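Below is the file start34.cif, which contains mmCIF, C-alpha atoms.
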```cif
data_entry
loop_
_atom_site.label_atom_id
_atom_site.label_comp_id
_atom_site.auth_asym_id
_atom_site.auth_seq_id
_atom_site.Cartn_x
_atom_site.Cartn_y
_atom_site.Cartn_z
CA MET T 1 5.86 24.88 -22.45
CA LEU T 2 2.77 22.66 -22.86
CA ILE T 3 2.12 19.99 -20.22
CA LEU T 4 -0.54 17.29 -20.37
CA ILE T 5 -1.94 15.95 -17.08
CA ALA T 6 -3.70 12.58 -17.28
CA GLU T 7 -5.45 11.84 -14.00
CA ASP T 8 -8.88 10.49 -13.07
CA ASP T 9 -8.95 11.98 -9.58
CA GLU T 10 -10.60 15.38 -9.91
CA LEU T 11 -8.90 16.97 -6.89
CA ILE T 12 -5.41 15.89 -7.97
CA LEU T 13 -6.14 16.96 -11.54
CA LYS T 14 -7.36 20.43 -10.51
CA THR T 15 -4.58 20.97 -7.98
CA VAL T 16 -1.79 20.03 -10.38
CA GLU T 17 -3.44 22.04 -13.17
CA HIS T 18 -3.66 25.20 -11.01
CA LYS T 19 -0.18 24.72 -9.63
CA LEU T 20 1.31 24.40 -13.12
CA LYS T 21 -0.62 27.41 -14.43
CA LYS T 22 0.57 29.42 -11.43
CA GLU T 23 4.13 28.50 -12.42
CA GLY T 24 3.49 29.78 -15.94
CA TYR T 25 3.04 26.50 -17.83
CA GLU T 26 0.36 25.90 -20.44
CA VAL T 27 -1.76 22.92 -19.45
CA LEU T 28 -3.97 20.34 -21.12
CA ILE T 29 -5.98 17.85 -19.09
CA ALA T 30 -7.24 14.31 -19.71
CA ARG T 31 -9.54 12.48 -17.29
CA ASN T 32 -8.71 9.00 -18.56
CA GLY T 33 -5.98 7.15 -20.44
CA LYS T 34 -7.78 7.07 -23.77
CA GLU T 35 -8.33 10.82 -23.75
CA ALA T 36 -4.62 11.28 -22.98
CA ILE T 37 -3.57 9.06 -25.91
CA ASP T 38 -5.88 11.02 -28.24
CA VAL T 39 -4.36 14.32 -27.09
CA ILE T 40 -0.77 13.07 -27.45
CA LYS T 41 -1.53 11.78 -30.96
CA VAL T 42 -2.63 15.15 -32.32
CA THR T 43 -0.82 17.67 -30.08
CA ASP T 44 2.84 18.46 -29.57
CA VAL T 45 2.98 18.36 -25.80
CA ASP T 46 6.37 18.91 -24.15
CA LEU T 47 5.81 16.84 -21.02
CA VAL T 48 3.23 14.40 -19.65
CA ILE T 49 2.22 13.83 -16.03
CA SER T 50 0.22 10.63 -15.84
CA ASP T 51 -1.43 8.53 -13.18
CA ILE T 52 -0.58 4.84 -13.53
CA MET T 53 -4.05 3.44 -12.92
CA MET T 54 -6.77 5.07 -14.99
CA PRO T 55 -9.94 4.05 -16.76
CA PHE T 56 -9.84 2.94 -20.42
CA ALA T 57 -6.02 3.00 -20.68
CA SER T 58 -3.35 2.84 -17.97
CA GLY T 59 -0.23 4.97 -17.67
CA THR T 60 1.87 2.17 -19.16
CA GLU T 61 -0.52 1.93 -22.10
CA ILE T 62 -0.05 5.65 -22.68
CA LEU T 63 3.74 5.09 -22.75
CA ALA T 64 3.34 2.20 -25.19
CA ALA T 65 1.10 4.33 -27.41
CA MET T 66 3.66 7.18 -27.36
CA ARG T 67 6.31 4.72 -28.44
CA SER T 68 4.12 3.51 -31.30
CA PHE T 69 3.59 7.14 -32.44
CA GLY T 70 7.35 7.62 -32.34
CA LYS T 71 6.99 10.47 -29.81
CA LYS T 72 9.74 10.88 -27.24
CA ILE T 73 8.20 13.05 -24.54
CA PRO T 74 9.35 13.07 -20.90
CA VAL T 75 6.74 11.43 -18.67
CA ILE T 76 6.37 11.68 -14.90
CA MET T 77 4.24 8.85 -13.53
CA LEU T 78 2.11 9.17 -10.41
CA SER T 79 1.69 5.84 -8.66
CA GLY T 80 0.03 4.48 -5.54
CA LEU T 81 1.82 2.57 -2.83
CA GLY T 82 2.53 -1.05 -3.72
CA GLN T 83 2.62 -0.49 -7.48
CA GLU T 84 6.37 -1.09 -7.73
CA GLU T 85 6.06 -3.69 -10.49
CA VAL T 86 3.97 -1.37 -12.67
CA VAL T 87 6.47 1.42 -12.02
CA LEU T 88 9.27 -0.85 -13.25
CA ASP T 89 7.25 -1.61 -16.40
CA ALA T 90 6.75 2.12 -16.85
CA PHE T 91 10.50 2.78 -16.63
CA ASN T 92 11.13 0.02 -19.16
CA LEU T 93 8.68 1.75 -21.49
CA GLY T 94 10.52 5.05 -21.16
CA ALA T 95 9.04 6.89 -18.16
CA SER T 96 11.42 9.60 -16.98
CA ASP T 97 10.46 9.86 -13.33
CA PHE T 98 7.76 8.81 -10.87
CA MET T 99 6.18 10.01 -7.66
CA VAL T 100 4.29 7.94 -5.12
CA LYS T 101 0.95 9.20 -3.76
CA PRO T 102 0.53 10.90 -1.35
CA PHE T 103 2.81 13.36 -3.12
CA SER T 104 3.83 16.97 -2.71
CA PRO T 105 2.71 19.25 -5.58
CA THR T 106 5.68 21.52 -4.78
CA GLU T 107 8.08 18.62 -5.24
CA LEU T 108 6.35 17.75 -8.51
CA ILE T 109 7.08 21.26 -9.79
CA LEU T 110 10.75 20.88 -8.80
CA ARG T 111 10.96 17.60 -10.70
CA ILE T 112 9.34 19.16 -13.76
CA LYS T 113 11.87 22.00 -13.65
CA ARG T 114 14.75 19.53 -13.35
CA LEU T 115 13.44 17.47 -16.27
CA THR T 116 12.77 20.44 -18.52
CA ALA T 117 16.21 21.85 -17.77
CA GLN T 118 17.66 18.68 -19.31
CA MET T 119 15.59 19.04 -22.50
CA MET A 1 -50.62 7.13 -5.15
CA MET A 2 -47.90 4.47 -5.40
CA ILE A 3 -46.60 5.94 -8.65
CA GLY A 4 -46.54 9.39 -7.05
CA ALA A 5 -44.49 8.12 -4.12
CA VAL A 6 -42.00 6.37 -6.42
CA LEU A 7 -41.65 9.51 -8.55
CA PHE A 8 -41.17 11.68 -5.48
CA TYR A 9 -38.56 9.31 -4.08
CA GLY A 10 -36.79 9.18 -7.43
CA PHE A 11 -36.76 12.97 -7.66
CA TYR A 12 -35.47 13.23 -4.08
CA GLN A 13 -32.65 10.78 -4.85
CA TYR A 14 -31.76 12.66 -8.03
CA LYS A 15 -31.73 16.00 -6.19
CA SER A 16 -29.51 14.63 -3.39
CA LEU A 17 -27.06 13.17 -5.88
CA LYS A 18 -27.00 16.40 -7.87
CA ASN A 19 -26.40 18.41 -4.69
CA LYS A 20 -23.62 16.06 -3.64
CA ARG A 21 -21.88 16.35 -7.01
CA GLU A 22 -22.12 20.14 -6.95
CA TRP A 23 -20.84 20.29 -3.40
CA GLU A 24 -17.99 17.88 -4.19
CA SER A 25 -16.95 20.10 -7.05
CA LEU A 26 -17.10 23.22 -4.84
CA ILE A 27 -15.03 21.49 -2.16
CA ASP A 28 -12.45 20.24 -4.70
CA VAL A 29 -11.95 23.81 -5.92
CA ARG A 30 -11.67 25.11 -2.36
CA VAL A 31 -9.11 22.46 -1.34
CA SER A 32 -7.17 22.84 -4.56
CA ASP A 33 -7.03 26.64 -4.18
CA ALA A 34 -5.89 26.32 -0.59
CA ILE A 35 -3.07 23.97 -1.64
CA VAL A 36 -1.96 26.03 -4.61
CA PHE A 37 -2.38 29.55 -3.21
CA SER A 38 -1.89 28.77 0.47
CA ASP A 39 -4.59 31.21 1.64
CA GLU A 40 -4.56 31.53 5.36
CA ALA A 41 -7.39 34.06 5.39
CA GLY A 42 -9.65 31.99 3.16
CA SER A 43 -9.46 34.58 0.39
CA SER A 44 -10.32 32.08 -2.32
CA GLU A 45 -13.61 31.07 -0.64
CA THR A 46 -16.47 31.68 -3.07
CA GLU A 47 -19.81 33.10 -1.97
CA GLU A 48 -21.46 29.84 -2.94
CA PHE A 49 -19.09 27.89 -0.75
CA GLN A 50 -19.67 30.30 2.11
CA SER A 51 -23.44 29.96 1.79
CA HIS A 52 -23.21 26.18 2.19
CA SER A 53 -20.49 26.03 4.81
CA ALA A 54 -22.87 26.21 7.77
CA GLY A 55 -25.09 23.32 6.61
CA GLY A 56 -24.71 19.99 8.43
CA SER A 57 -24.68 17.73 5.35
CA PHE A 58 -22.25 20.01 3.54
CA ARG A 59 -19.92 20.14 6.54
CA ASN A 60 -19.94 16.35 6.85
CA LEU A 61 -19.10 16.04 3.17
CA LEU A 62 -16.36 18.65 3.57
CA LEU A 63 -14.90 16.68 6.48
CA GLU A 64 -15.05 13.43 4.47
CA LYS A 65 -13.34 15.09 1.49
CA LEU A 66 -10.61 16.66 3.63
CA VAL A 67 -9.82 13.25 5.14
CA SER A 68 -9.58 11.65 1.70
CA SER A 69 -7.53 14.62 0.41
CA LYS A 70 -4.97 14.09 3.14
CA LYS A 71 -4.30 10.65 1.68
CA LYS A 72 -3.52 12.16 -1.73
CA PHE A 73 -1.03 14.86 -0.83
CA SER A 74 2.00 15.22 1.37
CA GLY A 75 4.22 18.06 2.58
CA MET A 76 2.88 21.61 2.66
CA ALA A 77 -0.28 20.53 0.85
CA GLN A 78 -1.20 18.38 3.86
CA ASP A 79 -0.63 21.35 6.16
CA GLU A 80 -3.05 23.41 4.06
CA ILE A 81 -5.69 20.69 4.31
CA GLN A 82 -5.19 20.57 8.07
CA ARG A 83 -5.54 24.36 8.16
CA LEU A 84 -8.91 24.12 6.35
CA PHE A 85 -10.05 21.54 8.92
CA VAL A 86 -9.17 23.91 11.76
CA ASN A 87 -10.50 27.06 10.09
CA TYR A 88 -13.90 25.49 9.41
CA GLY A 89 -14.11 24.14 12.96
CA LEU A 90 -14.73 20.58 11.75
CA TYR A 91 -13.32 19.22 14.99
CA LYS A 92 -16.88 19.28 16.40
CA GLU A 93 -18.29 17.12 13.56
CA ALA A 94 -15.48 14.60 13.88
CA LEU A 95 -16.07 14.20 17.61
CA GLU A 96 -19.83 13.92 17.08
CA ASN A 97 -19.24 11.09 14.62
CA LEU A 98 -16.98 9.45 17.19
CA ASN A 99 -19.85 9.53 19.69
CA SER A 100 -22.44 8.10 17.30
CA LYS A 101 -24.29 4.84 17.98
CA LYS A 102 -23.89 3.58 14.40
CA PRO A 103 -20.72 1.50 13.89
CA TYR A 104 -20.03 2.81 10.37
CA VAL A 105 -20.29 6.42 11.60
CA ILE A 106 -17.98 5.70 14.55
CA ALA A 107 -15.47 4.05 12.19
CA GLY A 108 -15.65 7.15 9.97
CA GLY A 109 -15.18 9.37 13.04
CA ILE A 110 -12.08 7.41 14.07
CA GLN A 111 -10.66 7.80 10.54
CA GLU A 112 -11.33 11.55 10.75
CA VAL A 113 -9.70 12.16 14.14
CA THR A 114 -6.76 9.98 13.05
CA ALA A 115 -6.23 11.77 9.73
CA MET A 116 -6.53 15.16 11.42
CA LYS A 117 -4.35 14.06 14.33
CA ILE A 118 -6.75 15.07 17.11
CA THR A 119 -4.75 13.63 20.00
CA GLU A 120 -7.39 14.60 22.59
CA SER A 121 -9.65 11.94 21.09
CA LEU A 122 -7.17 9.17 21.90
CA PRO A 123 -8.85 8.03 25.20
CA LYS A 124 -12.18 7.73 23.38
CA VAL A 125 -10.59 5.84 20.48
CA LYS A 126 -8.94 3.50 22.97
CA GLN A 127 -12.36 2.53 24.34
CA TYR A 128 -13.37 1.34 20.88
CA LEU A 129 -10.63 -1.30 20.84
CA LYS A 130 -13.19 -3.56 22.53
CA HIS A 131 -16.19 -2.54 20.39
CA PRO A 132 -18.16 -5.55 19.07
CA ALA A 133 -18.14 -4.31 15.44
CA ALA A 134 -15.04 -5.29 13.44
CA GLN A 135 -15.03 -2.09 11.37
CA VAL A 136 -14.88 -0.07 14.62
CA TYR A 137 -12.17 -2.02 16.46
CA ASN A 138 -10.09 -2.32 13.27
CA GLU A 139 -10.10 1.47 12.85
CA ALA A 140 -9.36 1.93 16.55
CA GLN A 141 -6.35 -0.43 16.34
CA TYR A 142 -5.01 1.43 13.32
CA ALA A 143 -5.56 4.81 15.02
CA MET A 144 -3.67 3.69 18.14
CA VAL A 145 -0.63 2.79 16.02
CA VAL A 146 -0.81 6.01 13.98
CA PHE A 147 -1.01 8.09 17.17
CA ASP A 148 1.37 6.14 19.38
CA GLY A 149 3.61 4.10 17.07
CA PHE A 150 4.91 0.86 18.59
CA ASN A 151 3.38 1.70 21.98
CA GLY A 152 -0.02 1.78 20.31
CA LEU A 153 0.31 -1.98 19.77
CA THR A 154 -0.21 -2.79 23.47
CA PHE A 155 -3.75 -3.88 22.61
CA LEU A 156 -2.18 -7.03 21.12
CA SER A 157 -1.56 -8.40 24.64
CA GLU A 158 -5.31 -8.73 25.23
CA LEU A 159 -6.56 -9.22 21.69
CA GLU A 160 -8.99 -12.11 21.29
CA THR A 161 -10.33 -11.43 17.79
CA PRO A 162 -8.21 -12.35 14.76
CA LEU A 163 -6.15 -9.72 12.95
CA SER A 164 -6.95 -10.09 9.27
CA ASP A 165 -4.10 -10.15 6.74
CA TRP A 166 -5.18 -6.73 5.50
CA GLN A 167 -5.23 -5.30 9.02
CA GLN A 168 -1.76 -6.74 9.67
CA LEU A 169 -0.50 -5.00 6.53
CA ARG A 170 -2.07 -1.67 7.56
CA LEU A 171 -0.57 -1.83 11.04
CA LEU A 172 2.86 -2.81 9.77
CA GLY A 173 2.74 -0.15 7.07
CA SER A 174 1.97 2.60 9.58
CA LEU A 175 4.90 1.67 11.84
CA GLN A 176 8.00 3.56 10.77
CA LYS A 177 10.30 2.74 13.68
CA ILE A 178 10.37 0.83 16.93
CA PRO A 179 11.93 1.74 20.27
CA GLU A 180 15.11 -0.10 21.25
CA VAL A 181 13.68 -1.88 24.29
CA THR A 182 10.70 -3.84 23.05
CA TYR A 183 11.61 -7.40 23.97
CA MET A 184 9.12 -7.84 26.83
CA SER A 185 6.04 -7.07 24.75
CA VAL A 186 7.30 -8.94 21.71
CA GLU A 187 8.05 -12.03 23.80
CA THR A 188 4.53 -11.91 25.28
CA TRP A 189 2.90 -11.58 21.86
CA LEU A 190 4.93 -14.51 20.49
CA GLN A 191 3.35 -16.65 23.21
CA SER A 192 -0.18 -15.40 22.55
CA GLY A 193 -3.02 -17.88 22.21
CA ASN A 194 -4.29 -15.71 19.34
CA LEU A 195 -2.47 -17.17 16.33
CA SER A 196 -2.91 -14.00 14.26
CA VAL A 197 -1.07 -12.05 16.99
CA VAL A 198 1.84 -14.52 16.83
CA VAL A 199 1.98 -14.28 13.02
CA PHE A 200 1.76 -10.48 13.12
CA THR A 201 4.58 -10.33 15.69
CA LEU A 202 6.75 -12.51 13.45
CA LYS A 203 6.12 -10.10 10.57
CA LEU A 204 7.00 -7.22 12.89
CA ILE A 205 10.27 -8.89 13.88
CA LYS A 206 11.00 -9.52 10.20
CA LYS A 207 10.25 -5.93 9.15
CA PHE A 208 12.48 -4.40 11.82
CA GLN A 209 15.08 -7.20 11.72
CA MET A 210 14.93 -7.64 15.50
CA LEU A 211 17.97 -9.92 15.78
CA SER A 212 17.63 -10.26 19.56
CA CYS A 213 14.39 -12.21 19.02
CA TYR A 214 16.15 -15.03 17.13
CA ASP A 215 15.90 -17.65 19.88
CA GLN A 216 12.25 -16.86 20.59
CA VAL A 217 11.44 -17.23 16.91
CA LYS A 218 13.42 -20.46 16.64
CA LYS A 219 11.27 -21.98 19.39
CA LEU A 220 8.23 -21.41 17.18
CA LEU A 221 9.50 -24.02 14.71
CA ASP A 222 7.81 -26.43 17.15
CA HIS A 223 4.55 -24.46 17.37
CA SER A 224 1.33 -26.41 16.92
CA SER A 225 0.16 -24.13 14.08
CA GLU A 226 1.57 -24.82 10.62
CA ASN A 227 1.04 -21.18 9.60
CA VAL A 228 3.06 -19.96 12.59
CA ARG A 229 5.89 -22.38 11.69
CA ILE A 230 5.93 -21.14 8.07
CA ASN A 231 6.13 -17.53 9.26
CA ALA A 232 8.83 -18.49 11.76
CA VAL A 233 10.93 -19.96 8.93
CA GLN A 234 10.49 -16.80 6.85
CA THR A 235 11.45 -14.62 9.81
CA LEU A 236 14.52 -16.71 10.66
CA GLN A 237 15.66 -16.31 7.08
CA ILE A 238 15.74 -12.53 7.62
CA LEU A 239 17.41 -12.81 11.05
CA GLU A 240 19.87 -15.31 9.58
CA ASN A 241 23.04 -16.19 11.48
CA ASP A 242 25.76 -18.88 11.05
CA ARG A 243 23.54 -21.59 12.47
CA THR A 244 20.23 -20.84 10.74
CA SER A 245 20.67 -23.41 7.97
CA GLU A 246 21.55 -26.05 10.60
CA HIS A 247 18.36 -25.18 12.49
CA PHE A 248 16.41 -25.55 9.28
CA LEU A 249 17.98 -28.93 8.55
CA GLU A 250 17.15 -30.18 12.06
CA THR A 251 13.49 -29.26 11.79
CA TYR A 252 13.03 -30.20 8.10
CA PRO A 253 12.31 -33.95 8.48
CA LEU A 254 9.76 -33.25 11.23
CA GLN A 255 7.66 -30.83 9.18
CA PRO A 256 4.73 -31.23 6.74
CA VAL A 257 5.21 -30.35 3.07
CA LYS A 258 4.12 -26.68 3.33
CA VAL A 259 6.68 -25.94 6.04
CA GLN A 260 9.36 -27.97 4.22
CA LEU A 261 8.68 -25.85 1.16
CA ALA A 262 9.18 -22.67 3.22
CA VAL A 263 12.47 -24.11 4.53
CA LEU A 264 13.74 -24.89 1.02
CA LYS A 265 12.82 -21.38 -0.16
CA ALA A 266 14.61 -19.85 2.83
CA MET A 267 17.72 -22.00 2.33
CA LYS A 268 17.75 -21.16 -1.37
CA HIS A 269 18.31 -17.52 -0.39
CA SER A 270 21.11 -18.37 2.05
CA ASN A 271 23.61 -18.58 -0.84
CA ASP A 272 25.38 -21.38 1.06
CA LYS A 273 26.86 -23.86 -1.42
CA ARG A 274 27.54 -26.45 1.33
CA TYR A 275 23.96 -27.70 1.00
CA HIS A 276 24.28 -28.99 -2.56
CA ASP A 277 23.89 -32.61 -1.43
CA PHE A 278 20.84 -31.80 0.67
CA PHE A 279 19.04 -30.14 -2.23
CA ARG A 280 20.08 -32.89 -4.62
CA LEU A 281 18.68 -35.47 -2.20
CA GLN A 282 15.36 -33.59 -2.08
CA LEU A 283 15.23 -33.43 -5.86
CA ILE A 284 15.90 -37.15 -6.32
CA HIS A 285 14.14 -38.74 -3.35
CA GLN A 286 11.26 -36.49 -2.30
CA HIS A 287 7.82 -37.71 -3.32
CA ASP A 288 6.21 -34.29 -3.43
CA VAL A 289 6.61 -32.51 -6.80
CA SER A 290 6.58 -29.00 -5.33
CA LEU A 291 9.51 -29.92 -3.07
CA LYS A 292 11.42 -31.45 -6.01
CA MET A 293 10.79 -28.30 -8.02
CA GLU A 294 11.93 -26.02 -5.20
CA ALA A 295 15.07 -28.13 -4.67
CA ALA A 296 15.91 -27.88 -8.39
CA GLN A 297 15.39 -24.11 -8.30
CA ALA A 298 17.62 -23.89 -5.22
CA LEU A 299 20.40 -25.81 -6.99
CA PHE A 300 20.14 -23.41 -9.90
CA ALA A 301 20.11 -20.35 -7.64
CA LEU A 302 23.22 -21.62 -5.84
CA GLY A 303 25.07 -21.95 -9.15
CA PHE A 304 24.83 -25.72 -9.72
CA SER A 305 23.36 -25.51 -13.21
CA GLN A 306 26.02 -27.93 -14.49
CA SER A 307 24.90 -30.50 -11.95
CA LEU A 308 21.29 -29.96 -13.08
CA LYS A 309 22.26 -30.41 -16.75
CA GLU A 310 23.88 -33.74 -15.89
CA ILE A 311 20.66 -34.89 -14.21
CA ALA A 312 18.60 -33.75 -17.21
CA GLU A 313 20.79 -35.81 -19.54
CA ASN A 314 21.04 -38.84 -17.28
CA ASN A 315 18.73 -41.55 -18.60
CA ALA A 316 18.95 -43.37 -15.29
CA ALA A 317 17.03 -40.53 -13.62
CA SER A 318 13.26 -40.80 -13.69
CA GLN A 319 11.30 -39.10 -16.46
CA GLN A 320 9.60 -36.86 -13.87
CA ILE A 321 12.90 -35.60 -12.41
CA ARG A 322 14.38 -34.93 -15.84
CA GLU A 323 11.27 -32.93 -16.82
CA ILE A 324 11.41 -30.88 -13.62
CA VAL A 325 15.08 -30.10 -14.15
CA LYS A 326 14.57 -29.22 -17.81
CA HIS A 327 11.68 -26.96 -16.83
CA VAL A 328 13.81 -25.15 -14.24
CA LEU A 329 16.72 -24.77 -16.66
CA GLN A 330 14.46 -23.42 -19.42
CA GLU A 331 12.67 -21.08 -17.03
CA LYS A 332 15.88 -19.56 -15.78
CA ILE A 333 17.73 -19.21 -19.06
#
```

Could I get this file's structure written as structure tokens?
Amino acid sequence: MLILIAEDDELILKTVEHKLKKEGYEVLIARNGKEAIDVIKVTDVDLVISDIMMPFASGTEILAAMRSFGKKIPVIMLSGLGQEEVVLDAFNLGASDFMVKPFSPTELILRIKRLTAQM
Amino acid sequence: MMIGAVLFYGFYQYKSLKNKREWESLIDVRVSDAIVFSDEAGSSETEEFQSHSAGGSFRNLLLEKLVSSKKKFSGMAQDEIQRLFVNYGLYKEALENLNSKKPYVIAGGIQEVTAMKITESLPKVKQYLKHPAAQVYNEAQYAMVVFDGFNGLTFLSELETPLSDWQQLRLLGSLQKIPEVTYMSVETWLQSGNLSVVVFTLKLIKKFQMLSCYDQVKKLLDHSSENVRINAVQTLQILENDRTSEHFLETYPLQPVKVQLAVLKAMKHSNDKRYHDFFRLQLIHQHDVSLKMEAAQALFALGFSQSLKEIAENNAASQQIREIVKHVLQEKI
């Protein structure tokens, strides 16, 4: 299973990447929204974990781009506190789940497993 | 000579920045490994990391990064970050920062001991509540609440400086619960001469729905500060009882427009259809457009859209009123 992580915070990116690899997932990383959109366009990823606020393109813009490419991929959004409105927009655009920072990487893995079990 | 000095300085700056970036990357890997592999013995520590870990600048950066990391992760990941803090003995650096003479370093030190929950530092932090620098006393106030919850708010009784809106949000956000018997302190703060303390206390009452404070809050509808009265209205709306709307109606004619607006907004949420005539009166006879608009929105929210349509189609009503009503109807449909 191939998972794309889109996150501009290096520590979060590295931690989630290592955690996923430890769990046996294949991982691609993007350090900004535009990079993520480029990857999604040309690669068949199975799941996306995306920060909501990122340089060049936000998490909701990634969702909108996925919709325009006709790709239906489960997306878990990572949001900060007080971003409820953006989270609602993200759900309207097809996000599958979201986690608020500070978040537990272990819980993130559990959510990924739950989501992938439904696929 | 001058050119040489500039070049040297430029090179020094470049070298420091390069070092910092390399160190940040090393630290990120170390923290990430600790979170993912949960290494109590520090097995994932690289030789490079080890070679730097005794240096003062590196240790300060490590401390800074651990504090910021704690804000990114929760659960077991936070425990691992705490374990790194203990294993590297960064307690000493945090306390040194707390004892610095520079306000920004002290503020950083307070953030560090707070994030790492060093309870022994609490007496020292408490002393900084009266520090002249805002960045220091703001951090100290926040730390007191993080360490002691509601009891950490006792500084409010003597607070002379204003609590900024941001600081109020931080303090409220860090309070998860309040003890059952809090009335004495809350009553004192509501009577404070520091208006920001009164406003903060109203927000506190609102957040925790402290129904027993209703009468104290109601008295504030006569407070000399308009901002306090607006916050009192918003708090009463949350503490609402059978007589709240009556209290609002009593005070309404005595208030300036901004408070009247707050009253109309609060009454709009009461869902009480008995006040149709009151809102209609405000829509037709008030001079202020914002009050007319709010009254029209209240009528719509209470389900009187038919009544609004009649006004919109009534040529006897003024052009202004008909436009307001049409605007509200269009906005809501």

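Shortest atom-to-atom contact with chain A among T:Glu107, T:Asp97, T:Glu84, T:Glu35: T:Glu107, counting all atoms listed in the file.
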
Could you work out an axis-aligned bounding box for all listed atoms of stretch 69-88 of chain A, with 6 Å added on each of the six sides, and give its centre and edge lengths in Å to one decimal, as AutoDock Vina command-line options?
```
--center_x -4.8 --center_y 18.9 --center_z 5.0 --size_x 30.1 --size_y 28.4 --size_z 25.5
```

- Task: Run the PyMOL selection byres ((chain T) within 8 of (chain A)) mentally over the shown coordinates, then write out the matched residues as a list of chain:residue names, using the chain letters and numbers from the document.
- Result: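 With the shown file as input, the PyMOL selection byres ((chain T) within 8 of (chain A)) matches T:Glu10, T:Leu11, T:Ile12, T:Lys14, T:Thr15, T:His18, T:Lys19, T:Lys101, T:Pro102, T:Phe103, T:Ser104, T:Pro105, T:Thr106.
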
Point (0.9, 26.8, 4.7), cut-off 7 Å, counting all atoms listed in the file, residues as a ChimeraX atom specification: /A:38,76,79-80

Any chance you could export the current selection's C-alpha atoms as a PDB file, in the frame of the given file?
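Wrote it out as part.pdb, contents follow:
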```
ATOM      1  CA  SER A  38      -1.890  28.770   0.470  1.00  0.00           C
ATOM      2  CA  MET A  76       2.880  21.610   2.660  1.00  0.00           C
ATOM      3  CA  ASP A  79      -0.630  21.350   6.160  1.00  0.00           C
ATOM      4  CA  GLU A  80      -3.050  23.410   4.060  1.00  0.00           C
TER       5      GLU A  80
END
```

Determine, counting all atoms listed in the file, which protein, DNA and RNA residues have an atom within 7 Å of an atom of stretch 298-305 of chain A; residues of the same chain fewer than 6 positions away are not included. Present the result as a PyMOL selection string. chain A and resi 268+271+273+276+279

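One distance worth recording is that between atom CA of A:Ala295 and atom CA of A:Lys206, which is 24.2 Å.
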
- Task: Output the residue selection produced by the PyMOL selection byres ((chain A and resi 230) around 12) on the file above, formatted as a VMD selection string.
- Result: chain A and resid 198 to 199 202 to 203 217 to 218 220 to 229 231 to 237 248 251 to 252 255 to 266

Selection near stretch 162-174 of chain A, 8 Å with only C-alpha atoms, sequence-local residues under 6 positions removed, as a count of residues only: 12

- Figure out the distance between atom CA of T:Leu20 and atom CA of A:Thr46, please, to one decimal in Å.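 So the two atoms, atom CA of A:Thr46 and atom CA of T:Leu20, lie 21.7 Å apart.
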
If the PyMOL selection byres ((chain T and resi 57) around 6) is run on the structure shown, which residues does it catch, given as a ChimeraX atom specification?
/T:33-34,55-56,58,61

Near A:Ser68, counting only C-alpha atoms, which residues have an atom at most 10 Å away, once you skip same-chain residues fewer than 4 positions from it, shown as a PyMOL selection string?
chain A and resi 62-64+72-73+111-112+115

Mind dumping the selected residues with C-alpha atoms as a PDB file, in the coordinates of the input?
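Contents of again-v6.pdb, as written:
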```
ATOM      1  CA  LEU A  62     -16.360  18.650   3.570  1.00  0.00           C
ATOM      2  CA  LEU A  63     -14.900  16.680   6.480  1.00  0.00           C
ATOM      3  CA  GLU A  64     -15.050  13.430   4.470  1.00  0.00           C
ATOM      4  CA  LYS A  72      -3.520  12.160  -1.730  1.00  0.00           C
ATOM      5  CA  PHE A  73      -1.030  14.860  -0.830  1.00  0.00           C
ATOM      6  CA  GLN A 111     -10.660   7.800  10.540  1.00  0.00           C
ATOM      7  CA  GLU A 112     -11.330  11.550  10.750  1.00  0.00           C
ATOM      8  CA  ALA A 115      -6.230  11.770   9.730  1.00  0.00           C
TER       9      ALA A 115
END
```

Around (-1.7, 14.2, 19.3), as given in the file, which residues come within 12 Å? Count only C-alpha atoms and list them as a PyMOL selection string. chain A and resi 113-123+143-149

Of T:Tyr25, T:Met54, T:Lys41, T:Val87, the one nearest to T:Arg67 when counting only C-alpha atoms is T:Lys41

Note to self: Report, in Å to a single decimal, how far apart atom CA of A:Leu95 and atom CA of A:Asn19 are.
What the structure shows: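 About the pair atom CA of A:Asn19 and atom CA of A:Leu95: they are 24.9 Å apart.
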
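Each of A:Ile3, A:Leu61, A:Val86, A:Ala107 was checked against A:Trp23 using all atoms listed in the file; the smallest atom-to-atom distance is that of A:Leu61.
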
Contacts of T:Ser96 at 6 Å (all atoms listed in the file; same-chain gap of 4+ positions) as an MDAnalysis selection string: chainID T and resid 74:76

### Message
Give me the residues near stretch 26-30 of chain T as number ranges by chain, where near means some atom within 6 Å (using only C-alpha atoms) and where sequence neighbours in that chain fewer than 4 positions away do not count.
### Response
T: 1-6, 35-36

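Using all atoms listed in the file, the shortest contact distance between T:Leu78 and any of T:Glu7, T:Glu23, T:Asp51, T:Asp38 is found at T:Asp51.
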